[in-house]
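What follows is a short report on a single structure.
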Amino acid sequence: MRRLAVIGVLLVLAVGASGPSYAVEGLPVGTDVDYQLGGDRDAPAHVGIVVRDRTSQIQEGRYNVCYVNGLQTQPDARGFWRRHWWLVLKSDGRPVVDEAWGEWLLDVRTAGKRRALARIVGRWTAGCAADGFAAVEYDNLDSFTRSGRMVTRAQGLAFARLLVARAHREGLAAGQKNLAGYDGTGVGFDFAVSESCAQYDECDAYVDDFGDQVLMVEYRLRDFHEACRQHGDEVAIVLRDLDLSPDGVHRWC
């Protein structure tokens, strides 16, 4: 169990020699994280970072990260996306589905669709900022790998660049989720969120790119122990149950 050592480091970065600058608050180091996407609960005192869905309220006194499904749909949002049907990736007229989660992939193949999607996700991002979150986690950066080669890596990253730019305009740090081994700092990501990196031997890849600006979530005890052994002194790591239920498993290094 680690104690809060630094409550947010102010990062001031410039985009290009004469481009716009932005200031965001980086992840606090020397503290723990609670990953609460399955439901909110009061985090213990030693937890300085809380990740919650964009529809949730922040927990006061913590560094709050807002979860946004940036490149796929939420399973309970199909009605919304049917009203924006032209932005859902389809094969033979049927949505392309991430079978593991029952989520439709978003169609980021053209600049026009990327701009339209960025306006939608951008409104959610602005909502995170208005609600007091310090950062936003954009899920499914690796969505293109589940597209049956319909979406290219370059197209996915071009869309990610738009999302990161909007986060920074709103004063939020932007978190990369998935695609281990890709250095997302190149498109402006400020930190990374990794699920099961010890299980898939990916933890080093995230730390190599983001240093101590990484949050790790593990779901198996042996993987949690391995993540703690390798990186417990560097980054925030939590063991959770797969449902991320409020009363489920919560353990820290």
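Please note that chains go A, B, ... in the order of the structure tokens, that every chain numbers its residues from 1, and that ligands are numbered from 1 in the order shown.
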
**Report entry** Residue contacts of Asp42 (chain A) (12 Å, only C-alpha atoms) excluding same-chain residues fewer than 2 positions away, as a list in words
**Finding:**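 After dropping sequence-adjacent residues, the list is Asp34, Tyr35, Gln36, Gly39, Asp40, Pro44, Ala45, His46, Val47, Gly48, Ile49, Val50, Val51, Arg52, Gln57, Ile58, Gln59, Glu60, Gly61, Arg62, Pro246 and Asp247 of chain A.
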
Please, could you write that set of residues out with N, CA, C and O atoms as a PDB file, in the first residue's frame?
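Below is the file that was written, selection-v5.pdb:
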ATOM      1  N   ASP A  34      -8.066   3.307  -8.134  1.00  0.00           N
ATOM      2  CA  ASP A  34      -9.237   2.430  -8.090  1.00  0.00           C
ATOM      3  C   ASP A  34      -9.966   2.566  -9.422  1.00  0.00           C
ATOM      4  O   ASP A  34     -10.235   3.684  -9.881  1.00  0.00           O
ATOM      5  N   TYR A  35     -10.268   1.422 -10.031  1.00  0.00           N
ATOM      6  CA  TYR A  35     -10.886   1.376 -11.364  1.00  0.00           C
ATOM      7  C   TYR A  35     -12.344   1.007 -11.171  1.00  0.00           C
ATOM      8  O   TYR A  35     -12.668  -0.138 -10.853  1.00  0.00           O
ATOM      9  N   GLN A  36     -13.262   1.978 -11.352  1.00  0.00           N
ATOM     10  CA  GLN A  36     -14.631   1.843 -10.884  1.00  0.00           C
ATOM     11  C   GLN A  36     -15.680   1.881 -12.004  1.00  0.00           C
ATOM     12  O   GLN A  36     -16.780   2.387 -11.814  1.00  0.00           O
ATOM     13  N   GLY A  39     -19.326   0.561 -11.291  1.00  0.00           N
ATOM     14  CA  GLY A  39     -20.136   1.194 -10.263  1.00  0.00           C
ATOM     15  C   GLY A  39     -19.273   1.970  -9.304  1.00  0.00           C
ATOM     16  O   GLY A  39     -18.123   1.608  -9.040  1.00  0.00           O
ATOM     17  N   ASP A  40     -19.802   3.056  -8.772  1.00  0.00           N
ATOM     18  CA  ASP A  40     -19.026   3.956  -7.932  1.00  0.00           C
ATOM     19  C   ASP A  40     -19.036   3.518  -6.473  1.00  0.00           C
ATOM     20  O   ASP A  40     -20.005   2.933  -5.983  1.00  0.00           O
ATOM     21  N   PRO A  44     -10.713   4.056  -0.683  1.00  0.00           N
ATOM     22  CA  PRO A  44      -9.957   4.196   0.568  1.00  0.00           C
ATOM     23  C   PRO A  44      -9.036   5.409   0.525  1.00  0.00           C
ATOM     24  O   PRO A  44      -8.685   5.926  -0.547  1.00  0.00           O
ATOM     25  N   ALA A  45      -8.581   5.826   1.682  1.00  0.00           N
ATOM     26  CA  ALA A  45      -7.785   7.045   1.796  1.00  0.00           C
ATOM     27  C   ALA A  45      -6.468   6.966   1.030  1.00  0.00           C
ATOM     28  O   ALA A  45      -5.953   7.991   0.565  1.00  0.00           O
ATOM     29  N   HIS A  46      -5.892   5.753   0.901  1.00  0.00           N
ATOM     30  CA  HIS A  46      -4.603   5.636   0.212  1.00  0.00           C
ATOM     31  C   HIS A  46      -4.724   5.718  -1.303  1.00  0.00           C
ATOM     32  O   HIS A  46      -3.724   5.750  -2.016  1.00  0.00           O
ATOM     33  N   VAL A  47      -5.949   5.746  -1.821  1.00  0.00           N
ATOM     34  CA  VAL A  47      -6.182   5.827  -3.262  1.00  0.00           C
ATOM     35  C   VAL A  47      -6.288   7.297  -3.683  1.00  0.00           C
ATOM     36  O   VAL A  47      -7.195   8.013  -3.259  1.00  0.00           O
ATOM     37  N   GLY A  48      -5.350   7.722  -4.513  1.00  0.00           N
ATOM     38  CA  GLY A  48      -5.360   9.107  -4.965  1.00  0.00           C
ATOM     39  C   GLY A  48      -5.916   9.297  -6.357  1.00  0.00           C
ATOM     40  O   GLY A  48      -6.140  10.432  -6.791  1.00  0.00           O
ATOM     41  N   ILE A  49      -6.136   8.177  -7.090  1.00  0.00           N
ATOM     42  CA  ILE A  49      -6.623   8.242  -8.469  1.00  0.00           C
ATOM     43  C   ILE A  49      -7.864   7.362  -8.587  1.00  0.00           C
ATOM     44  O   ILE A  49      -7.840   6.194  -8.199  1.00  0.00           O
ATOM     45  N   VAL A  50      -8.934   7.911  -9.125  1.00  0.00           N
ATOM     46  CA  VAL A  50     -10.178   7.168  -9.319  1.00  0.00           C
ATOM     47  C   VAL A  50     -10.583   7.276 -10.780  1.00  0.00           C
ATOM     48  O   VAL A  50     -10.645   8.382 -11.336  1.00  0.00           O
ATOM     49  N   VAL A  51     -10.853   6.138 -11.415  1.00  0.00           N
ATOM     50  CA  VAL A  51     -11.337   6.110 -12.797  1.00  0.00           C
ATOM     51  C   VAL A  51     -12.818   5.745 -12.773  1.00  0.00           C
ATOM     52  O   VAL A  51     -13.194   4.702 -12.227  1.00  0.00           O
ATOM     53  N   ARG A  52     -13.648   6.608 -13.365  1.00  0.00           N
ATOM     54  CA  ARG A  52     -15.089   6.383 -13.402  1.00  0.00           C
ATOM     55  C   ARG A  52     -15.639   6.665 -14.796  1.00  0.00           C
ATOM     56  O   ARG A  52     -15.040   7.398 -15.580  1.00  0.00           O
ATOM     57  N   GLN A  57     -20.264  10.895 -11.216  1.00  0.00           N
ATOM     58  CA  GLN A  57     -19.723  12.086 -10.584  1.00  0.00           C
ATOM     59  C   GLN A  57     -18.303  11.805 -10.118  1.00  0.00           C
ATOM     60  O   GLN A  57     -17.926  10.660  -9.871  1.00  0.00           O
ATOM     61  N   ILE A  58     -17.525  12.860  -9.977  1.00  0.00           N
ATOM     62  CA  ILE A  58     -16.162  12.700  -9.486  1.00  0.00           C
ATOM     63  C   ILE A  58     -16.186  12.395  -7.987  1.00  0.00           C
ATOM     64  O   ILE A  58     -17.197  12.626  -7.310  1.00  0.00           O
ATOM     65  N   GLN A  59     -15.095  11.852  -7.490  1.00  0.00           N
ATOM     66  CA  GLN A  59     -14.919  11.737  -6.048  1.00  0.00           C
ATOM     67  C   GLN A  59     -14.020  12.875  -5.604  1.00  0.00           C
ATOM     68  O   GLN A  59     -12.865  12.984  -6.033  1.00  0.00           O
ATOM     69  N   GLU A  60     -14.541  13.742  -4.776  1.00  0.00           N
ATOM     70  CA  GLU A  60     -13.820  14.930  -4.351  1.00  0.00           C
ATOM     71  C   GLU A  60     -12.516  14.553  -3.650  1.00  0.00           C
ATOM     72  O   GLU A  60     -12.427  13.565  -2.931  1.00  0.00           O
ATOM     73  N   GLY A  61     -11.507  15.372  -3.880  1.00  0.00           N
ATOM     74  CA  GLY A  61     -10.227  15.175  -3.227  1.00  0.00           C
ATOM     75  C   GLY A  61      -9.324  14.160  -3.883  1.00  0.00           C
ATOM     76  O   GLY A  61      -8.251  13.860  -3.360  1.00  0.00           O
ATOM     77  N   ARG A  62      -9.751  13.621  -5.030  1.00  0.00           N
ATOM     78  CA  ARG A  62      -8.932  12.630  -5.765  1.00  0.00           C
ATOM     79  C   ARG A  62      -8.657  13.168  -7.172  1.00  0.00           C
ATOM     80  O   ARG A  62      -9.301  14.103  -7.644  1.00  0.00           O
ATOM     81  N   PRO A 246     -18.699  -2.608  -7.514  1.00  0.00           N
ATOM     82  CA  PRO A 246     -18.282  -1.799  -6.356  1.00  0.00           C
ATOM     83  C   PRO A 246     -17.840  -2.636  -5.162  1.00  0.00           C
ATOM     84  O   PRO A 246     -16.898  -2.256  -4.456  1.00  0.00           O
ATOM     85  N   ASP A 247     -18.499  -3.760  -4.936  1.00  0.00           N
ATOM     86  CA  ASP A 247     -18.171  -4.606  -3.782  1.00  0.00           C
ATOM     87  C   ASP A 247     -17.283  -5.785  -4.156  1.00  0.00           C
ATOM     88  O   ASP A 247     -17.102  -6.705  -3.357  1.00  0.00           O
TER      89      ASP A 247
END

Requested in this report: Report as an MDAnalysis selection string: the residues of region 5-250 of chain A with a DSSP assignment of strand (DSSP E), based on the backbone of this structure.
Outcome: chainID A and resid 10:14 21:25 32:35 47:53 63:68 90:91 94:95 97:98 103:104 135:138 173:177 191:195 214:218 236:240 250

**Report entry** Nearest-residue call for Val68 (chain A), choices A:Cys253, A:Ala167, A:Val88, A:Cys203, using only C-alpha atoms
**Finding:**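 Smallest separation from Val68 (chain A) among the options: A:Ala167.
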
**Report entry** helix (DSSP H, G or I) call set, DSSP backbone run, region 18-113 of chain A, as an NGL selection string
**Finding:** :A and (75-82 or 85-87 or 111-113)

Report task. Would you please work out which residue, of A:Thr125, A:Ser147, A:Asn140, A:Ser196, is nearest to Leu179 (chain A) when using only C-alpha atoms? Result ->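 Of the candidates, the smallest distance to Leu179 (chain A) is held by A:Asn140.
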
Contact residues around Ala198 (chain A) with only C-alpha atoms at 10 Å, ignoring same-chain residues under 5 positions, as an mmCIF file with C-alpha atoms, in the first residue's frame:
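The resulting file, around-v2.cif, is shown below:
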data_model
loop_
_atom_site.group_PDB
_atom_site.id
_atom_site.type_symbol
_atom_site.label_atom_id
_atom_site.label_comp_id
_atom_site.auth_asym_id
_atom_site.auth_seq_id
_atom_site.Cartn_x
_atom_site.Cartn_y
_atom_site.Cartn_z
ATOM 1 C CA CYS A 203 3.718 -3.855 -18.918
ATOM 2 C CA ASP A 204 7.275 -2.954 -19.919
ATOM 3 C CA MET A 216 -2.346 -0.879 -14.462
ATOM 4 C CA VAL A 217 -5.449 -2.995 -13.847
ATOM 5 C CA GLU A 218 -5.095 -6.757 -13.421
ATOM 6 C CA TYR A 219 -7.850 -9.376 -13.078
ATOM 7 C CA ARG A 220 -5.922 -12.494 -12.048
ATOM 8 C CA ARG A 222 -0.886 -14.205 -10.218
ATOM 9 C CA ASP A 223 -0.744 -11.432 -12.845
ATOM 10 C CA PHE A 224 -1.316 -8.814 -10.166
ATOM 11 C CA HIS A 225 1.586 -10.188 -8.142
ATOM 12 C CA GLU A 226 3.803 -10.138 -11.236
ATOM 13 C CA ALA A 227 2.837 -6.554 -12.101
ATOM 14 C CA CYS A 228 3.567 -5.492 -8.521
ATOM 15 C CA GLN A 230 7.967 -5.595 -11.809
#

Requested in this report: Show which residues sit within 7 Å of region 96-102 of chain A, as a VMD selection string. Count only C-alpha atoms, and ignore same-chain residues fewer than 3 positions away.
Outcome: chain A and resid 75 89 to 91 105 146 to 147

Deliver the residues from the most recent selection as a file, using N, CA and C atoms, as a PDB file, in the first residue's frame.
ATOM      1  N   PRO A  75     -22.516  -0.949 -25.193  1.00  0.00           N
ATOM      2  CA  PRO A  75     -23.591  -1.890 -25.529  1.00  0.00           C
ATOM      3  C   PRO A  75     -24.993  -1.335 -25.301  1.00  0.00           C
ATOM      4  N   LEU A  89     -19.235   1.390 -38.348  1.00  0.00           N
ATOM      5  CA  LEU A  89     -18.568   0.565 -39.351  1.00  0.00           C
ATOM      6  C   LEU A  89     -19.437  -0.638 -39.682  1.00  0.00           C
ATOM      7  N   LYS A  90     -19.652  -0.877 -40.984  1.00  0.00           N
ATOM      8  CA  LYS A  90     -20.525  -1.975 -41.402  1.00  0.00           C
ATOM      9  C   LYS A  90     -19.857  -2.815 -42.483  1.00  0.00           C
ATOM     10  N   SER A  91     -20.190  -4.095 -42.472  1.00  0.00           N
ATOM     11  CA  SER A  91     -19.776  -5.029 -43.504  1.00  0.00           C
ATOM     12  C   SER A  91     -21.030  -5.694 -44.046  1.00  0.00           C
ATOM     13  N   LEU A 105     -18.023  -1.204 -33.816  1.00  0.00           N
ATOM     14  CA  LEU A 105     -16.876  -0.362 -34.126  1.00  0.00           C
ATOM     15  C   LEU A 105     -17.344   0.903 -34.841  1.00  0.00           C
ATOM     16  N   ARG A 146      -9.649  -5.189 -34.867  1.00  0.00           N
ATOM     17  CA  ARG A 146     -10.856  -6.018 -34.861  1.00  0.00           C
ATOM     18  C   ARG A 146     -11.781  -5.690 -36.024  1.00  0.00           C
ATOM     19  N   SER A 147     -11.293  -4.929 -36.987  1.00  0.00           N
ATOM     20  CA  SER A 147     -12.139  -4.447 -38.079  1.00  0.00           C
ATOM     21  C   SER A 147     -12.097  -5.328 -39.314  1.00  0.00           C
TER      22      SER A 147
END

Each region 27-95 of chain A residue no farther than 12 Å from region 120-123 of chain A, nearest pair in Å, only C-alpha atoms, as JSON lines:
{"residue": "A:Arg54", "atom": "CA", "partner": "A:Val121", "partner_atom": "CA", "distance": 11.0}
{"residue": "A:Tyr67", "atom": "CA", "partner": "A:Val121", "partner_atom": "CA", "distance": 11.4}
{"residue": "A:Val68", "atom": "CA", "partner": "A:Val121", "partner_atom": "CA", "distance": 7.9}
{"residue": "A:Asn69", "atom": "CA", "partner": "A:Val121", "partner_atom": "CA", "distance": 8.5}
{"residue": "A:Gly70", "atom": "CA", "partner": "A:Val121", "partner_atom": "CA", "distance": 6.6}
{"residue": "A:Leu71", "atom": "CA", "partner": "A:Val121", "partner_atom": "CA", "distance": 9.1}
{"residue": "A:Gln72", "atom": "CA", "partner": "A:Val121", "partner_atom": "CA", "distance": 10.7}
{"residue": "A:Thr73", "atom": "CA", "partner": "A:Val121", "partner_atom": "CA", "distance": 10.8}
{"residue": "A:Phe80", "atom": "CA", "partner": "A:Ile120", "partner_atom": "CA", "distance": 11.0}
{"residue": "A:Trp81", "atom": "CA", "partner": "A:Ile120", "partner_atom": "CA", "distance": 10.7}
{"residue": "A:His84", "atom": "CA", "partner": "A:Ile120", "partner_atom": "CA", "distance": 10.0}
{"residue": "A:Leu87", "atom": "CA", "partner": "A:Ile120", "partner_atom": "CA", "distance": 10.5}

Expected file: the selected residues, N, CA and C atoms, as a PDB file, in the first residue's frame:
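Listed below is the output, result17.pdb:
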ATOM      1  N   ARG A  54     -17.961   8.274 -17.695  1.00  0.00           N
ATOM      2  CA  ARG A  54     -18.272   9.679 -17.940  1.00  0.00           C
ATOM      3  C   ARG A  54     -19.644  10.077 -17.406  1.00  0.00           C
ATOM      4  N   TYR A  67     -13.802   7.884 -18.007  1.00  0.00           N
ATOM      5  CA  TYR A  67     -13.768   6.836 -19.035  1.00  0.00           C
ATOM      6  C   TYR A  67     -14.689   7.200 -20.189  1.00  0.00           C
ATOM      7  N   VAL A  68     -14.145   7.196 -21.399  1.00  0.00           N
ATOM      8  CA  VAL A  68     -14.919   7.428 -22.623  1.00  0.00           C
ATOM      9  C   VAL A  68     -14.559   6.341 -23.621  1.00  0.00           C
ATOM     10  N   ASN A  69     -15.552   5.643 -24.134  1.00  0.00           N
ATOM     11  CA  ASN A  69     -15.328   4.643 -25.170  1.00  0.00           C
ATOM     12  C   ASN A  69     -15.159   5.384 -26.489  1.00  0.00           C
ATOM     13  N   GLY A  70     -13.921   5.665 -26.846  1.00  0.00           N
ATOM     14  CA  GLY A  70     -13.661   6.581 -27.939  1.00  0.00           C
ATOM     15  C   GLY A  70     -13.834   6.015 -29.327  1.00  0.00           C
ATOM     16  N   LEU A  71     -13.594   4.715 -29.520  1.00  0.00           N
ATOM     17  CA  LEU A  71     -13.590   4.159 -30.870  1.00  0.00           C
ATOM     18  C   LEU A  71     -14.588   3.029 -31.074  1.00  0.00           C
ATOM     19  N   GLN A  72     -15.368   2.718 -30.041  1.00  0.00           N
ATOM     20  CA  GLN A  72     -16.427   1.723 -30.159  1.00  0.00           C
ATOM     21  C   GLN A  72     -17.641   2.220 -29.390  1.00  0.00           C
ATOM     22  N   THR A  73     -18.766   1.535 -29.570  1.00  0.00           N
ATOM     23  CA  THR A  73     -19.998   1.954 -28.923  1.00  0.00           C
ATOM     24  C   THR A  73     -20.185   1.225 -27.605  1.00  0.00           C
ATOM     25  N   PHE A  80     -28.763   5.364 -29.684  1.00  0.00           N
ATOM     26  CA  PHE A  80     -28.065   6.586 -30.071  1.00  0.00           C
ATOM     27  C   PHE A  80     -27.348   6.402 -31.400  1.00  0.00           C
ATOM     28  N   TRP A  81     -26.625   5.296 -31.527  1.00  0.00           N
ATOM     29  CA  TRP A  81     -25.829   5.109 -32.734  1.00  0.00           C
ATOM     30  C   TRP A  81     -26.682   4.736 -33.937  1.00  0.00           C
ATOM     31  N   HIS A  84     -27.132   7.729 -35.688  1.00  0.00           N
ATOM     32  CA  HIS A  84     -25.907   8.167 -36.364  1.00  0.00           C
ATOM     33  C   HIS A  84     -25.326   6.977 -37.142  1.00  0.00           C
ATOM     34  N   LEU A  87     -22.069   6.538 -39.164  1.00  0.00           N
ATOM     35  CA  LEU A  87     -20.785   6.587 -38.471  1.00  0.00           C
ATOM     36  C   LEU A  87     -20.413   5.257 -37.830  1.00  0.00           C
TER      37      LEU A  87
END

Report task. Grab the CA of Cys128 (chain A) to CA of Val214 (chain A) distance for me, in Å with one decimal place. Result -> 20.1 Å

Requested in this report: Would you please work out which residue, of A:Ala130, A:Leu106, A:Val187, A:Leu172, is nearest to Ala158 (chain A) when using only C-alpha atoms?
Outcome: A:Val187

Query raised in the report: Which neighbours of Leu162 (chain A) fall inside 12 Å, counting only C-alpha atoms, when residues of the same chain fewer than 3 positions from it are skipped, and could you give them as a ChimeraX atom specification?
Result: /A:70-71,108,111,113-122,125,138,155-159,165-169,174,187-189

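Atom to atom, CA of Gly184 (chain A) and CA of Thr31 (chain A) stand 23.2 Å apart.
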
Requested in this report: Go ahead and compute the interatomic distance for CA of Val235 (chain A) and CA of Leu215 (chain A), in Å to one decimal.
Outcome: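 Separation of CA of Val235 (chain A) and CA of Leu215 (chain A): 6.4 Å.
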
Query raised in the report: Restricting the calculation to only C-alpha atoms, which member of A:Glu202, A:Gly79, A:Tyr63, A:Gly175 is positioned closest to Asp190 (chain A)?
Result: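 Closest candidate: A:Gly175.
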